[in-house]
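Structure file query_26.cif (mmCIF, C-alpha atoms) is printed below.
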```cif
data_final
loop_
_atom_site.label_atom_id
_atom_site.label_comp_id
_atom_site.auth_asym_id
_atom_site.auth_seq_id
_atom_site.Cartn_x
_atom_site.Cartn_y
_atom_site.Cartn_z
CA MET S 146 64.46 -4.25 43.11
CA GLN S 147 62.85 -4.27 39.67
CA PHE S 148 60.89 -1.10 40.39
CA ARG S 149 63.96 0.58 41.85
CA SER S 150 65.91 -0.15 38.67
CA PHE S 151 63.02 1.15 36.59
CA SER S 152 62.83 4.28 38.73
CA SER S 153 66.57 4.88 38.43
CA ALA S 154 66.40 4.49 34.66
CA LEU S 155 63.52 6.96 34.42
CA SER S 156 65.32 9.43 36.64
CA SER S 157 68.46 9.23 34.53
CA PHE S 158 66.40 9.70 31.38
CA LEU S 159 64.64 12.76 32.76
CA ASP S 160 67.91 14.20 34.00
CA ARG S 161 69.47 13.94 30.55
CA VAL S 162 66.44 15.31 28.71
CA ILE S 163 65.46 18.13 31.03
CA GLY S 164 68.97 19.20 31.92
CA LYS S 165 67.91 20.75 35.23
CA LYS S 166 66.64 19.66 38.59
CA GLN S 167 64.35 16.80 37.73
CA VAL S 168 60.98 16.02 39.16
CA SER S 169 61.13 13.18 41.64
CA LEU S 170 59.29 10.00 40.73
CA THR S 171 59.26 8.91 44.35
CA SER S 172 58.25 10.53 47.61
CA ILE S 173 59.09 10.07 51.26
CA LYS S 174 56.22 9.25 53.58
CA ARG S 175 56.25 8.64 57.30
CA LEU S 176 54.17 5.59 58.08
CA SER S 177 53.66 3.60 61.25
CA SER S 178 53.21 -0.14 61.31
CA ARG S 179 49.71 0.44 62.66
CA LYS S 180 48.73 2.51 59.63
CA ILE S 181 50.21 -0.08 57.27
CA ARG S 182 48.33 -2.88 59.04
CA GLN S 183 45.07 -0.97 58.97
CA ASP S 184 45.37 -0.37 55.23
CA TYR S 185 46.26 -4.02 54.63
CA PHE S 186 43.36 -5.31 56.72
CA ALA S 187 40.95 -2.91 55.00
CA ASP S 188 42.08 -4.10 51.55
CA GLN S 189 41.63 -7.74 52.52
CA MET S 190 38.18 -7.02 53.94
CA LYS S 191 37.12 -5.40 50.68
CA LYS S 192 38.22 -8.53 48.83
CA ASP S 193 36.53 -10.86 51.32
CA PRO S 194 33.56 -9.24 53.13
CA SER S 195 33.29 -12.20 55.50
CA LEU S 196 36.42 -10.91 57.26
CA SER S 197 34.43 -7.89 58.45
CA SER S 198 31.26 -9.74 59.36
CA ASP S 199 29.62 -9.12 62.72
CA ASP S 200 30.79 -12.48 64.05
CA ALA S 201 34.40 -11.81 63.04
CA ILE S 202 34.35 -8.31 64.52
CA GLU S 203 32.86 -9.54 67.79
CA THR S 204 35.45 -12.33 68.03
CA PHE S 205 38.33 -9.92 67.54
CA ASP S 206 36.75 -7.43 69.92
CA LYS S 207 36.57 -10.10 72.63
CA LYS S 208 40.24 -10.92 72.16
CA ARG S 209 41.07 -7.20 72.17
CA SER S 210 39.18 -6.72 75.42
CA GLU S 211 41.07 -9.59 77.05
CA ALA S 212 44.41 -8.20 75.88
CA GLU S 213 43.51 -4.74 77.13
CA GLY S 214 42.56 -6.10 80.54
CA ALA S 215 45.85 -7.97 80.84
CA PHE S 216 47.76 -4.86 79.75
CA LEU S 217 46.05 -2.64 82.32
CA LYS S 218 46.78 -5.14 85.11
CA LEU S 219 50.41 -5.27 84.05
CA MET S 220 50.52 -1.48 84.03
CA ILE S 221 49.37 -1.42 87.67
CA VAL S 222 52.19 -3.79 88.59
CA GLN S 223 54.64 -1.61 86.67
CA LEU S 224 53.49 1.50 88.53
CA THR S 225 53.92 -0.34 91.83
CA VAL S 226 57.49 -1.33 90.99
CA THR S 227 58.17 2.22 89.83
CA GLY S 228 56.91 3.46 93.19
CA PHE S 229 59.40 1.21 94.97
CA LEU S 230 62.15 2.60 92.74
CA GLY S 231 61.11 6.08 93.84
CA LEU S 232 61.29 5.05 97.49
CA ALA S 233 64.74 3.62 96.85
CA LEU S 234 65.92 6.96 95.50
CA LEU S 235 64.47 8.87 98.45
CA LYS S 236 66.18 6.57 100.97
CA THR S 237 63.23 7.09 103.25
CA ASP S 238 63.40 6.00 106.89
CA ALA S 239 59.67 5.31 107.04
CA SER S 240 59.02 1.71 107.97
CA PHE S 241 56.30 -0.06 106.02
CA SER S 242 56.10 -3.14 103.85
CA ILE S 243 54.39 -3.93 100.56
CA PHE S 244 54.45 -7.45 99.14
CA GLY S 245 56.93 -8.33 101.89
CA VAL S 246 59.48 -5.72 100.78
CA SER S 247 60.40 -3.16 103.43
CA SER S 248 60.84 0.46 102.41
CA THR S 249 64.08 0.67 104.39
CA ASP S 250 65.63 -2.08 102.23
CA ALA S 251 64.50 -0.67 98.89
CA TYR S 252 67.80 1.11 98.19
CA LYS S 253 69.71 -2.16 98.38
CA LEU S 254 67.21 -3.76 96.01
CA ARG S 255 67.47 -1.15 93.26
CA ASP S 256 69.09 -3.56 90.80
CA PHE S 257 66.49 -6.26 91.47
CA LEU S 258 63.62 -3.79 91.16
CA LEU S 259 65.15 -2.37 87.98
CA PHE S 260 65.40 -5.87 86.52
CA CYS S 261 61.77 -6.55 87.44
CA HIS S 262 60.79 -3.25 85.84
CA ALA S 263 62.58 -4.26 82.63
CA ILE S 264 60.81 -7.64 82.56
CA ILE S 265 57.44 -5.94 83.04
CA VAL S 266 58.18 -3.41 80.28
CA THR S 267 59.10 -6.27 77.93
CA MET S 268 55.81 -8.02 78.62
CA SER S 269 53.98 -4.70 78.26
CA VAL S 270 55.44 -4.19 74.79
CA VAL S 271 54.40 -7.70 73.74
CA LEU S 272 50.88 -7.27 75.09
CA GLN S 273 50.53 -3.78 73.67
CA GLN S 274 51.56 -4.88 70.19
CA HIS S 275 49.09 -7.77 70.36
CA HIS S 276 46.41 -5.35 71.50
CA HIS S 277 47.29 -2.91 68.71
CA LYS S 278 47.02 -5.62 66.04
CA LEU S 279 43.55 -6.59 67.22
CA GLU S 280 42.60 -2.93 67.45
CA ASP S 281 43.86 -2.27 63.93
CA TYR S 282 41.63 -5.08 62.68
CA LEU S 283 38.63 -3.37 64.26
CA VAL S 284 39.63 0.01 62.81
CA ALA S 285 39.89 -1.57 59.37
CA GLY S 286 36.45 -3.10 59.88
CA ILE S 287 35.00 0.31 60.69
CA VAL S 288 36.65 1.95 57.69
CA SER S 289 35.79 -0.82 55.22
CA ALA S 290 32.14 -0.67 56.28
CA GLY S 291 31.88 2.61 54.39
CA LYS S 292 30.06 4.43 57.15
CA PRO S 293 30.31 8.23 57.43
CA THR S 294 33.11 9.62 59.54
CA GLU S 295 30.58 11.27 61.87
CA VAL S 296 29.74 7.89 63.42
CA TYR S 297 33.37 6.89 64.02
CA PRO S 298 33.43 8.23 67.61
CA MET S 299 30.42 6.08 68.55
CA LEU S 300 31.95 3.00 66.95
CA MET S 301 35.23 3.68 68.73
CA LEU S 302 33.41 3.91 72.06
CA LYS S 303 31.85 0.55 71.30
CA TYR S 304 35.10 -1.26 70.63
CA PHE S 305 37.96 0.70 72.23
CA GLY S 306 39.05 1.32 75.79
CA PRO S 307 39.59 4.49 77.86
CA LEU S 308 43.11 5.19 76.64
CA GLU S 309 42.09 5.18 72.97
CA THR S 310 38.89 7.18 73.44
CA PHE S 311 40.21 9.74 75.92
CA ASN S 312 40.57 12.51 73.33
CA ILE S 313 37.18 12.01 71.66
CA ASN S 314 35.35 15.32 71.81
CA VAL S 315 32.29 16.15 69.71
CA LEU S 316 31.32 19.45 71.34
CA PRO S 317 29.66 21.57 70.17
CA TYR S 318 27.56 19.10 68.22
CA GLN S 319 25.49 21.46 66.07
CA ARG S 320 27.59 22.87 63.26
CA HIS S 321 26.21 26.39 63.67
CA GLN S 322 27.52 26.55 67.23
CA PHE S 323 30.97 27.96 67.86
CA HIS S 324 33.23 28.44 70.85
CA ASN S 325 33.11 31.89 72.36
CA LEU S 326 35.88 33.55 74.35
CA ALA S 327 34.87 31.87 77.61
CA THR S 328 34.74 28.34 76.19
CA LYS S 329 38.05 28.86 74.37
CA TYR S 330 39.60 29.95 77.67
CA PHE S 331 38.28 26.90 79.51
CA PHE S 332 39.38 24.48 76.81
CA THR S 333 42.82 26.09 76.65
CA THR S 334 43.14 25.81 80.42
CA TYR S 335 41.96 22.22 80.24
CA LYS S 336 44.59 21.35 77.62
CA ILE S 337 47.35 23.02 79.63
CA PHE S 338 46.58 21.13 82.82
CA ARG S 339 46.02 17.91 80.89
CA PHE S 340 49.53 18.34 79.51
CA VAL S 341 50.87 18.99 83.01
CA ALA S 342 49.12 15.85 84.28
CA ALA S 343 50.52 13.79 81.40
CA LEU S 344 53.98 15.27 81.99
CA GLY S 345 53.81 14.27 85.64
CA PHE S 346 52.77 10.74 84.73
CA MET S 347 55.59 10.47 82.18
CA SER S 348 58.07 11.82 84.70
CA PHE S 349 56.98 9.21 87.23
CA THR S 350 57.04 6.27 84.82
CA LEU S 351 60.16 7.23 82.83
CA LEU S 352 62.41 9.51 84.86
CA ILE S 353 62.33 7.55 88.12
CA PRO S 354 63.59 4.30 86.51
CA LEU S 355 66.14 6.28 84.48
CA VAL S 356 67.52 8.05 87.55
CA THR S 357 67.55 4.72 89.39
CA ALA S 358 69.57 3.12 86.59
CA ILE S 359 72.07 5.98 86.73
CA SER S 360 72.36 5.58 90.51
CA VAL S 361 72.97 1.84 90.10
CA PHE S 362 75.81 2.52 87.66
CA LYS S 363 77.30 5.05 90.06
CA ASP S 364 76.74 3.10 93.28
CA PRO S 365 76.14 -0.61 92.59
CA SER S 366 74.85 -2.58 95.56
CA HIS S 367 75.93 -6.00 94.29
CA GLY S 368 78.88 -5.40 92.01
CA TRP S 369 78.67 -6.80 88.49
CA VAL S 370 75.16 -8.13 89.12
CA SER S 371 73.95 -4.56 89.53
CA TYR S 372 75.70 -3.52 86.32
CA CYS S 373 74.07 -6.40 84.43
CA ALA S 374 70.62 -5.52 85.76
CA ALA S 375 71.01 -1.85 84.87
CA GLY S 376 72.43 -2.73 81.45
CA TYR S 377 69.51 -5.04 80.77
CA TRP S 378 67.10 -2.25 81.72
CA VAL S 379 68.82 0.11 79.27
CA ALA S 380 68.55 -2.51 76.51
CA VAL S 381 64.85 -3.09 77.19
CA MET S 382 64.03 0.61 77.27
CA THR S 383 65.90 1.10 73.99
CA PHE S 384 63.90 -1.75 72.48
CA SER S 385 60.68 -0.26 73.84
CA THR S 386 61.47 3.20 72.44
CA ILE S 387 62.34 1.86 68.98
CA SER S 388 59.21 -0.29 69.03
CA MET S 389 57.08 2.76 69.79
CA ILE S 390 58.70 4.71 66.94
CA ILE S 391 58.12 1.90 64.44
CA HIS S 392 54.60 0.95 65.47
CA VAL S 393 53.09 4.26 66.62
CA VAL S 394 55.13 7.33 65.64
CA GLY S 395 56.16 6.09 62.21
CA ILE S 396 59.37 5.93 60.19
CA PRO S 397 60.13 7.25 56.68
CA TYR S 398 59.42 5.03 53.69
CA THR S 399 60.15 5.65 50.02
CA ASP S 400 56.91 5.60 48.05
CA TYR S 401 57.27 4.06 44.58
CA SER S 402 53.56 4.27 43.76
CA TYR S 403 53.98 6.64 40.82
CA THR S 404 56.90 4.65 39.43
CA MET S 405 54.88 1.46 39.65
CA LYS S 406 52.00 3.13 37.79
CA LEU S 407 54.40 4.17 35.03
CA HIS S 408 55.81 0.66 34.90
CA ASP S 409 52.35 -0.87 34.55
CA LEU S 410 51.39 1.68 31.90
CA GLN S 411 54.51 0.88 29.91
CA ASN S 412 53.56 -2.80 29.88
CA THR S 413 49.88 -2.27 29.04
CA ASP S 414 49.87 0.82 26.80
CA PRO S 415 53.33 1.80 25.49
CA SER S 416 52.02 4.63 23.29
CA ARG S 417 50.23 6.31 26.17
CA HIS S 418 53.27 5.77 28.36
CA LYS S 419 55.34 7.63 25.78
CA LYS S 420 52.91 10.56 25.80
CA VAL S 421 52.93 10.69 29.59
CA MET S 422 56.72 10.74 29.66
CA GLU S 423 56.81 13.50 27.05
CA GLU S 424 54.38 15.54 29.15
CA ILE S 425 56.50 15.03 32.27
CA VAL S 426 59.58 16.19 30.37
CA ARG S 427 57.75 19.21 28.96
CA THR S 428 56.22 20.41 32.23
CA ASN S 429 58.83 19.03 34.63
CA ARG S 430 56.11 17.81 36.97
CA LEU S 431 54.21 14.63 37.57
CA ILE S 432 50.86 14.35 35.83
CA GLU S 433 47.84 12.25 36.60
CA PHE S 434 46.93 9.48 34.20
#
```

What do you get writing this file as structure tokens?
Amino acid sequence: MQFRSFSSALSSFLDRVIGKKQVSLTSIKRLSSRKIRQDYFADQMKKDPSLSSDDAIETFDKKRSEAEGAFLKLMIVQLTVTGFLGLALLKTDASFSIFGVSSTDAYKLRDFLLFCHAIIVTMSVVLQQHHHKLEDYLVAGIVSAGKPTEVYPMLMLKYFGPLETFNINVLPYQRHQFHNLATKYFFTTYKIFRFVAALGFMSFTLLIPLVTAISVFKDPSHGWVSYCAAGYWVAVMTFSTISMIIHVVGIPYTDYSYTMKLHDLQNTDPSRHKKVMEEIVRTNRLIEF
């Protein structure tokens, strides 16, 4: 709040002095919680090198590996439940049973399967966030070690799983080698079909439960119980989507870094602060100091 008041006062001052569109003392940055955590962990490791020792890294890597294994097992269960939801939508007459559930009865169990799917997604979000926190610690350890960026792929292969390292590509290795027309064509084709494969996977894991939820709202098998199950699934998926945006995609933050630097300069060196402010007013742009 103190820095916001200081920033507002500076903005008002510049607006009065310049008399035109003022330079902004703040900026908008899109940051994910993962990026914020990684920066925080890296700062703490620089202050206390023992946090990034080999023993600490190995301990966190072991916990990360355990969390990743649990997450992958839960994903298999989620895919199985999603498959049953798909069978329920198809209303297939084929007679077979998995885990004691007959395919012919799947349509009547849509609300139950949807509720199970929501529970699994909730646990997946919890496990994934735990896994991400441990992973961010390892990323911070790699960055704080001060090693060249060229070795990052090898370190990632050491600590991370298949999902995180899927896009690692170091070809061609020698810097004087370049892609020719044939290799560009193959890589473009590869990217297109990789996108199609990912789109199919997303359609299976997202669209099938969504269509099932819509069908439950339109044709509930067990009255208000079906509505409650479908409503709970909608709430969980909304929570999951918002969680992904906050932790992975990123949300906008107002950056007061420059304002804080001006505030510190005013407290430590008022005369220099005055010169900096005069220069900002004269040039109508932020200057480095």

Quick one: of S:Val271, S:Val284, S:Leu259, S:Val421, who's nearest to S:Phe362, counting all atoms listed in the file? S:Leu259

Find the residues near S:Lys278: any atom within 12 Å, counting all atoms listed in the file, skip ones fewer than 2 places away on the same chain, and give them as a ChimeraX atom specification. /S:178-183,185-186,205-206,208-209,212-213,271-276,280-285,392-393

If we draw a sphere of 12 Å around (75.0, 1.5, 93.2), which residues have at least one atom in it when counting only C-alpha atoms? Please report them as a list of chain:residue names.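 Within 12 Å of (75.0, 1.5, 93.2), the protein and nucleic acid residues are S:Ala233, S:Leu234, S:Tyr252, S:Lys253, S:Leu254, S:Arg255, S:Asp256, S:Phe257, S:Leu259, S:Val356, S:Thr357, S:Ala358, S:Ile359, S:Ser360, S:Val361, S:Phe362, S:Lys363, S:Asp364, S:Pro365, S:Ser366, S:His367, S:Gly368, S:Trp369, S:Val370, S:Ser371, S:Tyr372, S:Cys373, S:Ala374, S:Ala375.
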
Coordinates-based distance that separates atom CA of S:Phe332 from atom CA of S:Leu351 (Å, one decimal): 27.7 Å

For atom CA of S:His324 and atom CA of S:Arg339, determine how far apart the two atoms are, in Å to one decimal place.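 Interatomic distance here is 19.4 Å.
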
Using the chain letters and numbering of this document, enumerate as number ranges by chain the residues selected by the PyMOL selection byres ((chain S and resi 223) around 12). S: 216-222, 224-230, 258-269, 349-351, 354

What are the closest atom pairs, with distances in Å to one decimal, for each residue of stretch 357-413 of chain S lying within 12 Å of stretch 167-177 of chain S, using all atoms listed in the file, rows by chain and rising residue number, as JSON lines?
```
{"residue": "S:Ile387", "atom": "CA", "partner": "S:Ser177", "partner_atom": "CA", "distance": 11.8}
{"residue": "S:Ser388", "atom": "CA", "partner": "S:Ser177", "partner_atom": "CA", "distance": 10.3}
{"residue": "S:Met389", "atom": "CA", "partner": "S:Ser177", "partner_atom": "CA", "distance": 9.2}
{"residue": "S:Ile390", "atom": "CA", "partner": "S:Ser177", "partner_atom": "CA", "distance": 7.7}
{"residue": "S:Ile391", "atom": "CA", "partner": "S:Ser177", "partner_atom": "CA", "distance": 5.7}
{"residue": "S:His392", "atom": "CA", "partner": "S:Ser177", "partner_atom": "CA", "distance": 5.1}
{"residue": "S:Val393", "atom": "CA", "partner": "S:Ser177", "partner_atom": "CA", "distance": 5.4}
{"residue": "S:Val394", "atom": "CA", "partner": "S:Ser177", "partner_atom": "CA", "distance": 5.9}
{"residue": "S:Gly395", "atom": "CA", "partner": "S:Ser177", "partner_atom": "CA", "distance": 3.7}
{"residue": "S:Ile396", "atom": "CA", "partner": "S:Arg175", "partner_atom": "CA", "distance": 5.0}
{"residue": "S:Pro397", "atom": "CA", "partner": "S:Arg175", "partner_atom": "CA", "distance": 4.2}
{"residue": "S:Tyr398", "atom": "CA", "partner": "S:Lys174", "partner_atom": "CA", "distance": 5.3}
{"residue": "S:Thr399", "atom": "CA", "partner": "S:Ile173", "partner_atom": "CA", "distance": 4.7}
{"residue": "S:Asp400", "atom": "CA", "partner": "S:Ser172", "partner_atom": "CA", "distance": 5.1}
{"residue": "S:Tyr401", "atom": "CA", "partner": "S:Thr171", "partner_atom": "CA", "distance": 5.2}
{"residue": "S:Ser402", "atom": "CA", "partner": "S:Thr171", "partner_atom": "CA", "distance": 7.4}
{"residue": "S:Tyr403", "atom": "CA", "partner": "S:Leu170", "partner_atom": "CA", "distance": 6.3}
{"residue": "S:Thr404", "atom": "CA", "partner": "S:Leu170", "partner_atom": "CA", "distance": 6.0}
{"residue": "S:Met405", "atom": "CA", "partner": "S:Leu170", "partner_atom": "CA", "distance": 9.7}
{"residue": "S:Lys406", "atom": "CA", "partner": "S:Leu170", "partner_atom": "CA", "distance": 10.4}
{"residue": "S:Leu407", "atom": "CA", "partner": "S:Leu170", "partner_atom": "CA", "distance": 9.5}
{"residue": "S:His408", "atom": "CA", "partner": "S:Leu170", "partner_atom": "CA", "distance": 11.5}
```

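Here atom CA of S:Val381 stands at a distance of 15.5 Å from atom CA of S:Ile353.
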
Of the listed residues S:Leu352, S:Gly286, S:Gly231, S:Gly345, that which approaches S:Asp200 most closely, counting all atoms listed in the file: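 That would be S:Gly286, the residue with the smallest distance to S:Asp200.
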
Let me make sure I understand: among S:Glu309, S:Asp188, S:Glu203, S:Asp409, which one has the smallest atom-to-atom distance to S:Ala290 if we use all atoms listed in the file?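 Result for the nearest residue to S:Ala290: S:Asp188.
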
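Minimum atom-to-atom distance to S:Tyr304, evaluated using only C-alpha atoms, belongs to S:Lys207 out of S:Lys207, S:His277, S:Lys191, S:Lys329.
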